[in-house]
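Reproduced below: coords09.cif, with mmCIF, C-alpha atoms and all ligand atoms.
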data_coords
#
loop_
_atom_site.group_PDB
_atom_site.id
_atom_site.type_symbol
_atom_site.label_atom_id
_atom_site.label_comp_id
_atom_site.auth_asym_id
_atom_site.auth_seq_id
_atom_site.Cartn_x
_atom_site.Cartn_y
_atom_site.Cartn_z
ATOM 1 C CA MET A 1221 -20.301 -32.021 -4.680
ATOM 2 C CA PRO A 1222 -17.710 -29.695 -3.078
ATOM 3 C CA LEU A 1223 -16.795 -26.616 -5.120
ATOM 4 C CA PRO A 1224 -13.317 -26.669 -6.692
ATOM 5 C CA ARG A 1225 -10.818 -24.820 -4.522
ATOM 6 C CA GLU A 1226 -9.722 -21.397 -5.730
ATOM 7 C CA ASN A 1227 -5.948 -20.964 -5.638
ATOM 8 C CA THR A 1228 -3.736 -17.908 -5.571
ATOM 9 C CA HIS A 1229 -0.056 -17.175 -5.104
ATOM 10 C CA PHE A 1230 1.871 -16.541 -1.945
ATOM 11 C CA GLY A 1231 5.085 -15.370 -3.563
ATOM 12 C CA PHE A 1232 5.892 -18.088 -6.125
ATOM 13 C CA ARG A 1233 3.940 -20.768 -4.209
ATOM 14 C CA GLN A 1234 0.391 -21.730 -5.189
ATOM 15 C CA VAL A 1235 -1.829 -21.698 -2.103
ATOM 16 C CA PRO A 1236 -5.575 -21.907 -1.506
ATOM 17 C CA LEU A 1237 -7.007 -18.380 -1.661
ATOM 18 C CA GLU A 1238 -8.301 -18.583 1.903
ATOM 19 C CA HIS A 1239 -4.819 -19.442 3.251
ATOM 20 C CA LYS A 1240 -2.964 -16.486 1.768
ATOM 21 C CA GLN A 1241 -3.983 -13.873 4.339
ATOM 22 C CA ALA A 1242 -2.656 -15.881 7.302
ATOM 23 C CA LEU A 1243 0.667 -16.385 5.500
ATOM 24 C CA VAL A 1244 0.909 -12.658 4.719
ATOM 25 C CA ASP A 1245 0.035 -11.828 8.337
ATOM 26 C CA ASP A 1246 2.923 -14.020 9.566
ATOM 27 C CA VAL A 1247 5.323 -12.083 7.335
ATOM 28 C CA PHE A 1248 4.324 -8.696 8.746
ATOM 29 C CA HIS A 1249 4.109 -9.897 12.372
ATOM 30 C CA SER A 1250 7.672 -11.080 11.960
ATOM 31 C CA VAL A 1251 9.077 -7.884 10.424
ATOM 32 C CA ALA A 1252 6.956 -5.144 12.089
ATOM 33 C CA SER A 1253 9.595 -3.843 14.524
ATOM 34 C CA ARG A 1254 12.246 -3.598 11.785
ATOM 35 C CA TYR A 1255 9.916 -2.689 8.912
ATOM 36 C CA ASP A 1256 10.780 1.033 8.627
ATOM 37 C CA LEU A 1257 14.529 0.495 8.943
ATOM 38 C CA MET A 1258 14.376 -2.275 6.312
ATOM 39 C CA ASN A 1259 12.533 0.018 3.883
ATOM 40 C CA ASP A 1260 15.381 2.525 4.048
ATOM 41 C CA LEU A 1261 18.064 -0.146 3.756
ATOM 42 C CA MET A 1262 16.438 -2.126 0.923
ATOM 43 C CA SER A 1263 15.572 0.868 -1.218
ATOM 44 C CA GLY A 1264 18.609 3.014 -0.338
ATOM 45 C CA GLY A 1265 16.096 5.625 0.849
ATOM 46 C CA LEU A 1266 14.308 5.672 -2.534
ATOM 47 C CA HIS A 1267 10.968 4.686 -0.980
ATOM 48 C CA ARG A 1268 10.874 8.217 0.448
ATOM 49 C CA ALA A 1269 10.918 9.748 -3.054
ATOM 50 C CA TRP A 1270 8.245 7.303 -4.289
ATOM 51 C CA LYS A 1271 6.024 8.121 -1.312
ATOM 52 C CA HIS A 1272 6.648 11.824 -1.845
ATOM 53 C CA ALA A 1273 5.245 11.447 -5.393
ATOM 54 C CA LEU A 1274 2.108 9.807 -3.971
ATOM 55 C CA VAL A 1275 1.637 12.558 -1.366
ATOM 56 C CA THR A 1276 2.073 15.229 -4.042
ATOM 57 C CA ALA A 1277 -0.686 13.528 -6.059
ATOM 58 C CA VAL A 1278 -2.976 13.332 -2.992
ATOM 59 C CA ASN A 1279 -2.394 17.091 -2.726
ATOM 60 C CA PRO A 1280 -4.142 17.786 0.607
ATOM 61 C CA PRO A 1281 -5.396 21.386 0.580
ATOM 62 C CA ARG A 1282 -3.748 23.549 3.235
ATOM 63 C CA GLU A 1283 -6.666 26.001 3.428
ATOM 64 C CA ARG A 1284 -9.680 24.044 4.528
ATOM 65 C CA GLY A 1285 -11.668 23.310 7.657
ATOM 66 C CA ALA A 1286 -11.781 25.184 10.913
ATOM 67 C CA SER A 1287 -8.246 26.573 10.522
ATOM 68 C CA ALA A 1288 -8.979 28.353 7.248
ATOM 69 C CA GLY A 1289 -9.761 32.026 7.641
ATOM 70 C CA ASP A 1290 -11.993 32.311 4.550
ATOM 71 C CA ALA A 1291 -15.384 31.225 3.298
ATOM 72 C CA LYS A 1292 -14.337 27.588 3.572
ATOM 73 C CA ALA A 1293 -13.928 27.856 7.357
ATOM 74 C CA GLY A 1294 -16.170 25.304 9.003
ATOM 75 C CA ALA A 1295 -15.797 22.826 6.149
ATOM 76 C CA PRO A 1296 -14.831 19.362 7.315
ATOM 77 C CA PRO A 1297 -11.125 18.477 7.231
ATOM 78 C CA PHE A 1298 -9.651 16.724 4.207
ATOM 79 C CA ALA A 1299 -9.972 13.009 4.960
ATOM 80 C CA LEU A 1300 -7.415 10.443 3.779
ATOM 81 C CA LEU A 1301 -7.758 6.696 4.093
ATOM 82 C CA ASP A 1302 -4.331 5.031 4.163
ATOM 83 C CA LEU A 1303 -5.187 1.444 3.255
ATOM 84 C CA ALA A 1304 -2.847 -1.364 4.336
ATOM 85 C CA GLY A 1305 -1.124 1.598 5.945
ATOM 86 C CA GLY A 1306 1.074 -0.467 8.284
ATOM 87 C CA THR A 1307 3.289 1.798 10.367
ATOM 88 C CA GLY A 1308 1.577 4.904 8.970
ATOM 89 C CA ASP A 1309 4.234 6.331 6.643
ATOM 90 C CA ILE A 1310 1.779 7.668 4.048
ATOM 91 C CA ALA A 1311 -0.608 9.081 6.661
ATOM 92 C CA PHE A 1312 2.220 10.962 8.408
ATOM 93 C CA ARG A 1313 3.385 12.501 5.166
ATOM 94 C CA VAL A 1314 -0.106 13.546 4.040
ATOM 95 C CA VAL A 1315 -1.023 15.031 7.431
ATOM 96 C CA GLU A 1316 2.295 16.896 7.566
ATOM 97 C CA ALA A 1317 1.702 18.221 4.027
ATOM 98 C CA GLY A 1318 -1.893 19.264 4.705
ATOM 99 C CA GLY A 1319 -1.440 20.683 8.191
ATOM 100 C CA SER A 1320 -4.244 21.052 10.703
ATOM 101 C CA ALA A 1321 -6.939 20.811 8.001
ATOM 102 C CA THR A 1322 -6.109 17.164 7.229
ATOM 103 C CA ARG A 1323 -7.052 13.937 9.005
ATOM 104 C CA ALA A 1324 -5.999 10.393 8.177
ATOM 105 C CA THR A 1325 -7.206 6.916 9.010
ATOM 106 C CA VAL A 1326 -4.665 4.122 8.758
ATOM 107 C CA VAL A 1327 -6.261 0.720 8.234
ATOM 108 C CA ASP A 1328 -4.247 -2.453 8.441
ATOM 109 C CA ILE A 1329 -5.031 -6.087 9.158
ATOM 110 C CA ASN A 1330 -1.904 -6.505 11.264
ATOM 111 C CA THR A 1331 -1.941 -5.386 14.909
ATOM 112 C CA ASP A 1332 1.863 -5.373 15.208
ATOM 113 C CA MET A 1333 2.282 -2.987 12.268
ATOM 114 C CA LEU A 1334 -0.451 -0.742 13.720
ATOM 115 C CA ALA A 1335 1.210 -0.751 17.160
ATOM 116 C CA VAL A 1336 4.453 0.561 15.635
ATOM 117 C CA GLY A 1337 2.415 3.209 13.780
ATOM 118 C CA ARG A 1338 0.572 4.329 16.925
ATOM 119 C CA ALA A 1339 3.856 4.710 18.813
ATOM 120 C CA ARG A 1340 5.317 6.780 15.952
ATOM 121 C CA ALA A 1341 2.203 9.009 15.923
ATOM 122 C CA ALA A 1342 2.482 9.612 19.671
ATOM 123 C CA GLU A 1343 6.184 10.494 19.316
ATOM 124 C CA ARG A 1344 5.347 13.063 16.637
ATOM 125 C CA GLY A 1345 2.348 14.499 18.465
ATOM 126 C CA LEU A 1346 0.072 13.396 15.612
ATOM 127 C CA ASP A 1347 -2.187 11.016 17.515
ATOM 128 C CA ASP A 1348 -5.145 13.411 17.258
ATOM 129 C CA ALA A 1349 -4.801 13.724 13.485
ATOM 130 C CA ILE A 1350 -4.330 10.036 12.665
ATOM 131 C CA ALA A 1351 -6.545 7.114 13.695
ATOM 132 C CA PHE A 1352 -5.188 3.564 13.502
ATOM 133 C CA VAL A 1353 -7.869 0.956 12.801
ATOM 134 C CA GLU A 1354 -7.581 -2.800 12.445
ATOM 135 C CA GLY A 1355 -9.431 -3.951 9.339
ATOM 136 C CA ASN A 1356 -9.342 -5.952 6.138
ATOM 137 C CA ALA A 1357 -8.984 -3.921 2.919
ATOM 138 C CA GLU A 1358 -11.423 -6.346 1.256
ATOM 139 C CA ALA A 1359 -14.336 -5.286 3.499
ATOM 140 C CA LEU A 1360 -13.838 -2.050 5.409
ATOM 141 C CA PRO A 1361 -15.948 -0.935 8.373
ATOM 142 C CA PHE A 1362 -16.681 2.608 7.087
ATOM 143 C CA PRO A 1363 -19.708 4.262 5.465
ATOM 144 C CA ASP A 1364 -19.911 4.886 1.704
ATOM 145 C CA ARG A 1365 -18.315 8.054 0.315
ATOM 146 C CA SER A 1366 -16.535 9.034 3.518
ATOM 147 C CA TYR A 1367 -13.027 9.902 2.228
ATOM 148 C CA ASP A 1368 -11.569 12.582 -0.053
ATOM 149 C CA ALA A 1369 -8.644 10.349 -1.005
ATOM 150 C CA VAL A 1370 -7.809 6.671 -0.596
ATOM 151 C CA ALA A 1371 -4.151 5.661 -0.842
ATOM 152 C CA ILE A 1372 -2.457 2.296 -0.679
ATOM 153 C CA ALA A 1373 1.326 1.986 -0.771
ATOM 154 C CA PHE A 1374 3.020 -1.365 -1.271
ATOM 155 C CA GLY A 1375 -0.070 -3.009 0.166
ATOM 156 C CA ILE A 1376 -2.333 -4.154 -2.643
ATOM 157 C CA ARG A 1377 -0.178 -7.089 -3.769
ATOM 158 C CA ASN A 1378 -0.492 -8.583 -0.285
ATOM 159 C CA VAL A 1379 -4.297 -8.569 -0.326
ATOM 160 C CA PRO A 1380 -5.739 -11.929 -1.454
ATOM 161 C CA ARG A 1381 -8.806 -10.516 -3.265
ATOM 162 C CA ILE A 1382 -7.492 -7.420 -5.030
ATOM 163 C CA ASP A 1383 -10.765 -6.859 -6.925
ATOM 164 C CA ALA A 1384 -12.708 -6.740 -3.626
ATOM 165 C CA ALA A 1385 -10.227 -4.223 -2.164
ATOM 166 C CA LEU A 1386 -10.499 -1.998 -5.262
ATOM 167 C CA ARG A 1387 -14.301 -2.096 -5.119
ATOM 168 C CA ASP A 1388 -14.272 -1.134 -1.447
ATOM 169 C CA ALA A 1389 -11.797 1.707 -2.054
ATOM 170 C CA TYR A 1390 -14.164 3.006 -4.727
ATOM 171 C CA ARG A 1391 -17.178 2.693 -2.413
ATOM 172 C CA LEU A 1392 -15.445 4.750 0.291
ATOM 173 C CA LEU A 1393 -14.429 7.661 -1.939
ATOM 174 C CA ARG A 1394 -16.494 10.796 -2.208
ATOM 175 C CA ILE A 1395 -17.529 11.840 -5.712
ATOM 176 C CA GLY A 1396 -14.526 13.703 -7.097
ATOM 177 C CA GLY A 1397 -12.173 11.788 -4.806
ATOM 178 C CA ARG A 1398 -8.926 10.199 -5.954
ATOM 179 C CA PHE A 1399 -7.496 6.715 -5.448
ATOM 180 C CA LEU A 1400 -3.715 6.371 -5.519
ATOM 181 C CA CYS A 1401 -1.839 3.121 -5.427
ATOM 182 C CA LEU A 1402 1.927 2.870 -5.207
ATOM 183 C CA GLU A 1403 3.189 -0.603 -6.007
ATOM 184 C CA PHE A 1404 6.287 -2.375 -7.260
ATOM 185 C CA SER A 1405 6.193 -2.964 -10.982
ATOM 186 C CA ILE A 1406 8.196 -4.330 -13.903
ATOM 187 C CA VAL A 1407 11.724 -3.094 -14.579
ATOM 188 C CA ASP A 1408 11.992 -2.689 -18.342
ATOM 189 C CA VAL A 1409 15.343 -0.988 -18.751
ATOM 190 C CA PRO A 1410 17.928 -3.335 -20.354
ATOM 191 C CA GLY A 1411 20.801 -3.928 -17.946
ATOM 192 C CA LEU A 1412 18.896 -2.576 -14.965
ATOM 193 C CA ASP A 1413 16.552 -5.611 -15.078
ATOM 194 C CA ALA A 1414 19.389 -8.140 -14.526
ATOM 195 C CA LEU A 1415 20.931 -5.999 -11.802
ATOM 196 C CA TYR A 1416 17.532 -5.598 -10.137
ATOM 197 C CA ASP A 1417 16.918 -9.371 -10.259
ATOM 198 C CA PHE A 1418 20.284 -10.087 -8.680
ATOM 199 C CA TYR A 1419 19.678 -7.483 -5.991
ATOM 200 C CA SER A 1420 16.135 -8.713 -5.301
ATOM 201 C CA PHE A 1421 16.823 -12.424 -5.032
ATOM 202 C CA ASN A 1422 20.229 -12.263 -3.328
ATOM 203 C CA VAL A 1423 20.791 -9.025 -1.472
ATOM 204 C CA ILE A 1424 17.285 -8.412 -0.095
ATOM 205 C CA PRO A 1425 16.809 -11.820 1.580
ATOM 206 C CA ALA A 1426 20.342 -11.531 3.024
ATOM 207 C CA LEU A 1427 19.492 -8.075 4.402
ATOM 208 C CA GLY A 1428 16.243 -9.531 5.764
ATOM 209 C CA ARG A 1429 18.202 -12.220 7.571
ATOM 210 C CA ALA A 1430 20.781 -9.800 8.967
ATOM 211 C CA VAL A 1431 18.446 -7.002 10.058
ATOM 212 C CA ALA A 1432 14.998 -8.516 10.634
ATOM 213 C CA ASN A 1433 16.200 -12.064 11.328
ATOM 214 C CA ASP A 1434 13.842 -13.369 8.617
ATOM 215 C CA ALA A 1435 15.143 -14.077 5.114
ATOM 216 C CA GLU A 1436 11.951 -15.951 4.154
ATOM 217 C CA ALA A 1437 9.727 -12.933 4.813
ATOM 218 C CA TYR A 1438 11.804 -10.847 2.435
ATOM 219 C CA ARG A 1439 11.951 -13.650 -0.133
ATOM 220 C CA TYR A 1440 8.127 -13.571 -0.104
ATOM 221 C CA LEU A 1441 8.142 -9.792 -0.611
ATOM 222 C CA VAL A 1442 10.435 -10.119 -3.638
ATOM 223 C CA GLU A 1443 8.456 -13.004 -5.135
ATOM 224 C CA SER A 1444 5.134 -11.254 -4.607
ATOM 225 C CA ILE A 1445 6.469 -8.294 -6.603
ATOM 226 C CA ARG A 1446 7.133 -10.602 -9.557
ATOM 227 C CA ARG A 1447 3.610 -12.081 -9.336
ATOM 228 C CA PHE A 1448 1.852 -8.695 -9.310
ATOM 229 C CA PRO A 1449 0.016 -7.816 -12.567
ATOM 230 C CA ARG A 1450 1.693 -5.560 -15.132
ATOM 231 C CA PRO A 1451 0.645 -1.898 -14.775
ATOM 232 C CA GLU A 1452 -1.632 -2.070 -17.846
ATOM 233 C CA ALA A 1453 -3.455 -5.092 -16.369
ATOM 234 C CA PHE A 1454 -3.764 -3.407 -12.967
ATOM 235 C CA ALA A 1455 -5.187 -0.308 -14.664
ATOM 236 C CA ASP A 1456 -7.861 -2.579 -16.209
ATOM 237 C CA MET A 1457 -8.678 -3.957 -12.752
ATOM 238 C CA MET A 1458 -9.122 -0.389 -11.505
ATOM 239 C CA ARG A 1459 -11.476 0.418 -14.382
ATOM 240 C CA ALA A 1460 -13.461 -2.747 -13.634
ATOM 241 C CA ALA A 1461 -13.891 -1.528 -10.034
ATOM 242 C CA GLY A 1462 -15.448 1.697 -11.349
ATOM 243 C CA PHE A 1463 -12.556 4.166 -11.398
ATOM 244 C CA ALA A 1464 -12.436 6.815 -14.124
ATOM 245 C CA ARG A 1465 -9.503 8.623 -15.752
ATOM 246 C CA VAL A 1466 -7.244 5.725 -14.779
ATOM 247 C CA SER A 1467 -3.548 6.308 -15.385
ATOM 248 C CA PHE A 1468 -0.161 5.236 -14.106
ATOM 249 C CA GLN A 1469 3.318 6.644 -13.968
ATOM 250 C CA ARG A 1470 6.420 4.434 -13.872
ATOM 251 C CA MET A 1471 9.244 5.566 -11.625
ATOM 252 C CA SER A 1472 12.898 4.557 -11.234
ATOM 253 C CA GLY A 1473 13.032 2.526 -14.450
ATOM 254 C CA GLY A 1474 9.789 0.720 -13.622
ATOM 255 C CA ILE A 1475 10.786 -0.470 -10.137
ATOM 256 C CA VAL A 1476 7.537 1.095 -8.950
ATOM 257 C CA ALA A 1477 4.416 2.529 -10.553
ATOM 258 C CA LEU A 1478 2.035 5.121 -9.155
ATOM 259 C CA HIS A 1479 -1.529 4.288 -10.246
ATOM 260 C CA SER A 1480 -4.304 6.848 -10.142
ATOM 261 C CA GLY A 1481 -8.062 6.746 -10.624
ATOM 262 C CA TRP A 1482 -10.989 8.998 -9.764
ATOM 263 C CA ARG A 1483 -14.530 8.483 -8.556
ATOM 264 C CA LEU A 1484 -16.556 10.726 -10.839
HETATM 265 C C1 LIG B 1501 4.549 -3.645 2.640
HETATM 266 S S1 LIG B 1501 3.469 -3.143 3.927
HETATM 267 C C2 LIG B 1501 3.081 -1.484 3.472
HETATM 268 C C3 LIG B 1501 2.902 -0.571 4.644
HETATM 269 C C4 LIG B 1501 2.789 0.925 4.311
HETATM 270 N N1 LIG B 1501 1.674 1.180 3.425
HETATM 271 C C5 LIG B 1501 4.063 1.480 3.721
HETATM 272 O O1 LIG B 1501 4.057 1.906 2.569
HETATM 273 O O2 LIG B 1501 5.094 1.490 4.415
HETATM 274 C C6 LIG B 1501 1.996 -4.024 3.522
HETATM 275 C C7 LIG B 1501 0.926 -3.937 4.584
HETATM 276 O O3 LIG B 1501 -0.276 -4.532 4.050
HETATM 277 C C8 LIG B 1501 -0.981 -5.062 5.160
HETATM 278 N N2 LIG B 1501 -2.041 -5.961 4.682
HETATM 279 C C9 LIG B 1501 -1.903 -7.175 4.098
HETATM 280 N N3 LIG B 1501 -3.111 -7.702 3.805
HETATM 281 C C10 LIG B 1501 -4.037 -6.786 4.199
HETATM 282 C C11 LIG B 1501 -5.456 -6.740 4.143
HETATM 283 N N4 LIG B 1501 -6.171 -7.735 3.618
HETATM 284 N N5 LIG B 1501 -6.088 -5.653 4.626
HETATM 285 C C12 LIG B 1501 -5.384 -4.625 5.182
HETATM 286 N N6 LIG B 1501 -4.022 -4.617 5.263
HETATM 287 C C13 LIG B 1501 -3.360 -5.675 4.777
HETATM 288 C C14 LIG B 1501 0.114 -5.737 5.945
HETATM 289 O O4 LIG B 1501 -0.287 -6.063 7.249
HETATM 290 C C15 LIG B 1501 1.234 -4.685 5.865
HETATM 291 O O5 LIG B 1501 1.189 -3.807 6.948
#
Turn this file's structure into structure tokens for me.
Ligand SMILES: C[S@@+](CC[C@H](N)C(=O)[O-])C[C@H]1O[C@@H](n2cnc3c(N)ncnc32)[C@H](O)[C@@H]1O
Amino acid sequence: MPLPRENTHFGFRQVPLEHKQALVDDVFHSVASRYDLMNDLMSGGLHRAWKHALVTAVNPPRERGASAGDAKAGAPPFALLDLAGGTGDIAFRVVEAGGSATRATVVDINTDMLAVGRARAAERGLDDAIAFVEGNAEALPFPDRSYDAVAIAFGIRNVPRIDAALRDAYRLLRIGGRFLCLEFSIVDVPGLDALYDFYSFNVIPALGRAVANDAEAYRYLVESIRRFPRPEAFADMMRAAGFARVSFQRMSGGIVALHSGWRL
């Protein structure tokens, strides 16, 4: 007897779990060339402040590795894994904050997003510090305990099997390493919630149509935000994957939350 099919959501639509990734991939193939511009337009530049908070929490040490002139000289560089890293925004910020003692690997399933990221890295002269690797966050091609920090920004809600991605992030962290996840959340400020709903369901798809020529892609992004678990539930998923000292911080009235957990 065939097993019952497992379903999930693609935005508000129910789809078979194994179909979601291809649908998500279509979205990001379609928007890759306009992705960075759209982030600034949609968030009024706020995504920069949210990402800054994540980078501050990653806290790459400036004095480490071959460039450090103290007893730590010779230590390996601080290694960041930027999961579902797309065009590399988080990796750029962390490498710029950490300087020559920091390296980053951007992993994404989408070759078009990675191509934009590689071109940006070359423009900034950061192609030696940042590697761009095609891969699925659910099963990554890296050895256990190989990163000091694993970050994922606005990526986890697009991954079909979130529990598998969390387990793999945990596997890849060194003991004492930190996992940080920036994701849209639940607006719980009276008044702001109605305004946010109007903006999300009307303005964002219209912007998507005008700028990226794809309203549907941005409708998916808005719907997927509404389907993502509440921060308390996501914190439980992180604990189930093994993370310790799990916490989260709401920002901008709950528009986003920064989740944190440690491998201890
Ligand atoms: C909204 S973008 C975020 C990009 C970047 N982290 C940022 O903050 O600008 C989501 C990214 O998740 C990637 N993605 C979706 N499913 C994935 C998976 N299973 N494994 C790795 N990346 C995935 C998409 O290709 C896309 O680049």
message = Could you list, as a PyMOL selection string, every residue matched by the PyMOL selection byres (((chain A and resi 1354) around 7) and not hetatm) in this structure?
response = chain A and resi 1327-1331+1352-1353+1355
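Near ligand LIG 1501 (chain B), at a distance of at most 6 Å and with only C-alpha atoms and all ligand atoms counted, sit the residues Asp1245, Phe1248, Ala1304, Gly1305, Gly1306, Asp1309, Asp1328, Ile1329, Asn1330, Met1333, Gly1355, Asn1356, Ala1357, Glu1358, Ile1372, Ala1373, Phe1374, Gly1375, Asn1378 and Val1379 of chain A.
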ask   = Counting only C-alpha atoms, which residues come within 7 Å of (13.4, -7.0, 0.7), with the point read in the file's coordinates, and could you list them as a PyMOL selection string?
value = chain A and resi 1262+1420+1424-1425+1428+1438-1439+1441-1442
message = Using only C-alpha atoms, can you tell me which of A:Ala1252, A:Thr1276, A:Leu1478, A:Leu1386 comes closest to Asp1456 in chain A?
response = A:Leu1386
Report the closest atom pair, with its distance in Å rounded to one decimal, for each residue of range 1326-1437 of chain A that has an atom no farther than 10 Å from range 1458-1472 of chain A; count all atoms listed in the file, sort by chain and then rising residue number, and write it as a tab-separated table.
residue	atom	partner	partner_atom	distance
A:Ile1382	CA	A:Met1458	CA	9.7
A:Asp1383	CA	A:Ala1461	CA	6.9
A:Ala1384	CA	A:Ala1461	CA	8.3
A:Ala1385	CA	A:Ala1461	CA	9.1
A:Leu1386	CA	A:Ala1461	CA	5.9
A:Arg1387	CA	A:Ala1461	CA	5.0
A:Asp1388	CA	A:Ala1461	CA	8.6
A:Ala1389	CA	A:Ala1461	CA	8.9
A:Tyr1390	CA	A:Gly1462	CA	6.9
A:Arg1391	CA	A:Gly1462	CA	9.2
A:Arg1398	CA	A:Phe1463	CA	8.9
A:Phe1399	CA	A:Phe1463	CA	8.2
A:Leu1400	CA	A:Phe1468	CA	9.4
A:Cys1401	CA	A:Phe1468	CA	9.1
A:Leu1402	CA	A:Phe1468	CA	9.4
A:Glu1403	CA	A:Arg1470	CA	9.9
A:Phe1404	CA	A:Arg1470	CA	9.5
A:Ser1405	CA	A:Arg1470	CA	7.9
A:Ile1406	CA	A:Arg1470	CA	8.9
A:Val1407	CA	A:Ser1472	CA	8.4
A:Val1409	CA	A:Ser1472	CA	9.7
remark   = Students should find that CA of His1272 in chain A and CA of Ala1430 in chain A are spaced 28.0 Å
key: Selection dump of the PyMOL selection byres (((chain A and resi 1226) around 7) and not hetatm), as JSON, numbers by chain   = {"A": [1224, 1225, 1227, 1228, 1236, 1237]}
Can you write out the residues you just picked, keeping C-alpha atoms, as a PDB file, keeping the file's coordinate frame?
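Done, and the output landed in again04.pdb:
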ATOM      1  CA  PRO A1224     -13.317 -26.669  -6.692  1.00  0.00           C
ATOM      2  CA  ARG A1225     -10.818 -24.820  -4.522  1.00  0.00           C
ATOM      3  CA  ASN A1227      -5.948 -20.964  -5.638  1.00  0.00           C
ATOM      4  CA  THR A1228      -3.736 -17.908  -5.571  1.00  0.00           C
ATOM      5  CA  PRO A1236      -5.575 -21.907  -1.506  1.00  0.00           C
ATOM      6  CA  LEU A1237      -7.007 -18.380  -1.661  1.00  0.00           C
TER       7      LEU A1237
END
ask   = Given the file above and the PyMOL selection byres (((chain A and resi 1278) around 8) and not hetatm), which residues are selected, and can you give them as a ChimeraX atom specification?
value = /A:1274-1277,1279-1280,1314,1369,1398,1400
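Pairwise distance (CA of Gly1264 in chain A, CA of Arg1429 in chain A) equals 17.2 Å.
Residues in contact range of Arg1338 in chain A, defined as at most 8 Å between all atoms listed in the file, with sequence neighbours fewer than 2 positions away removed, read Thr1307, Leu1334, Ala1335, Val1336, Arg1340, Ala1341, Ala1342, Asp1347 and Phe1352 of chain A.
CA of Asp1364 in chain A is found 21.5 Å from CA of Ala1321 in chain A.
Nearest residue to Leu1484 in chain A among A:Ala1299, A:Val1247, A:Val1423, A:Ile1395 is A:Ile1395, counting all atoms listed in the file.
You can rank A:Phe1421, A:Trp1270, A:Phe1298, A:Tyr1416 by their closest distance to Glu1443 in chain A using only C-alpha atoms, and at the top of that list sits A:Phe1421.
Residue nearest Leu1303 in chain A, chosen from A:Asn1433, A:Thr1325, A:Ser1480, A:Ser1253 and counting only C-alpha atoms: A:Thr1325.
Proximity to Tyr1440 in chain A was assessed for A:Val1326, A:Asp1368, A:Arg1377, A:Leu1300 counting all atoms listed in the file; the smallest distance is recorded for A:Arg1377.
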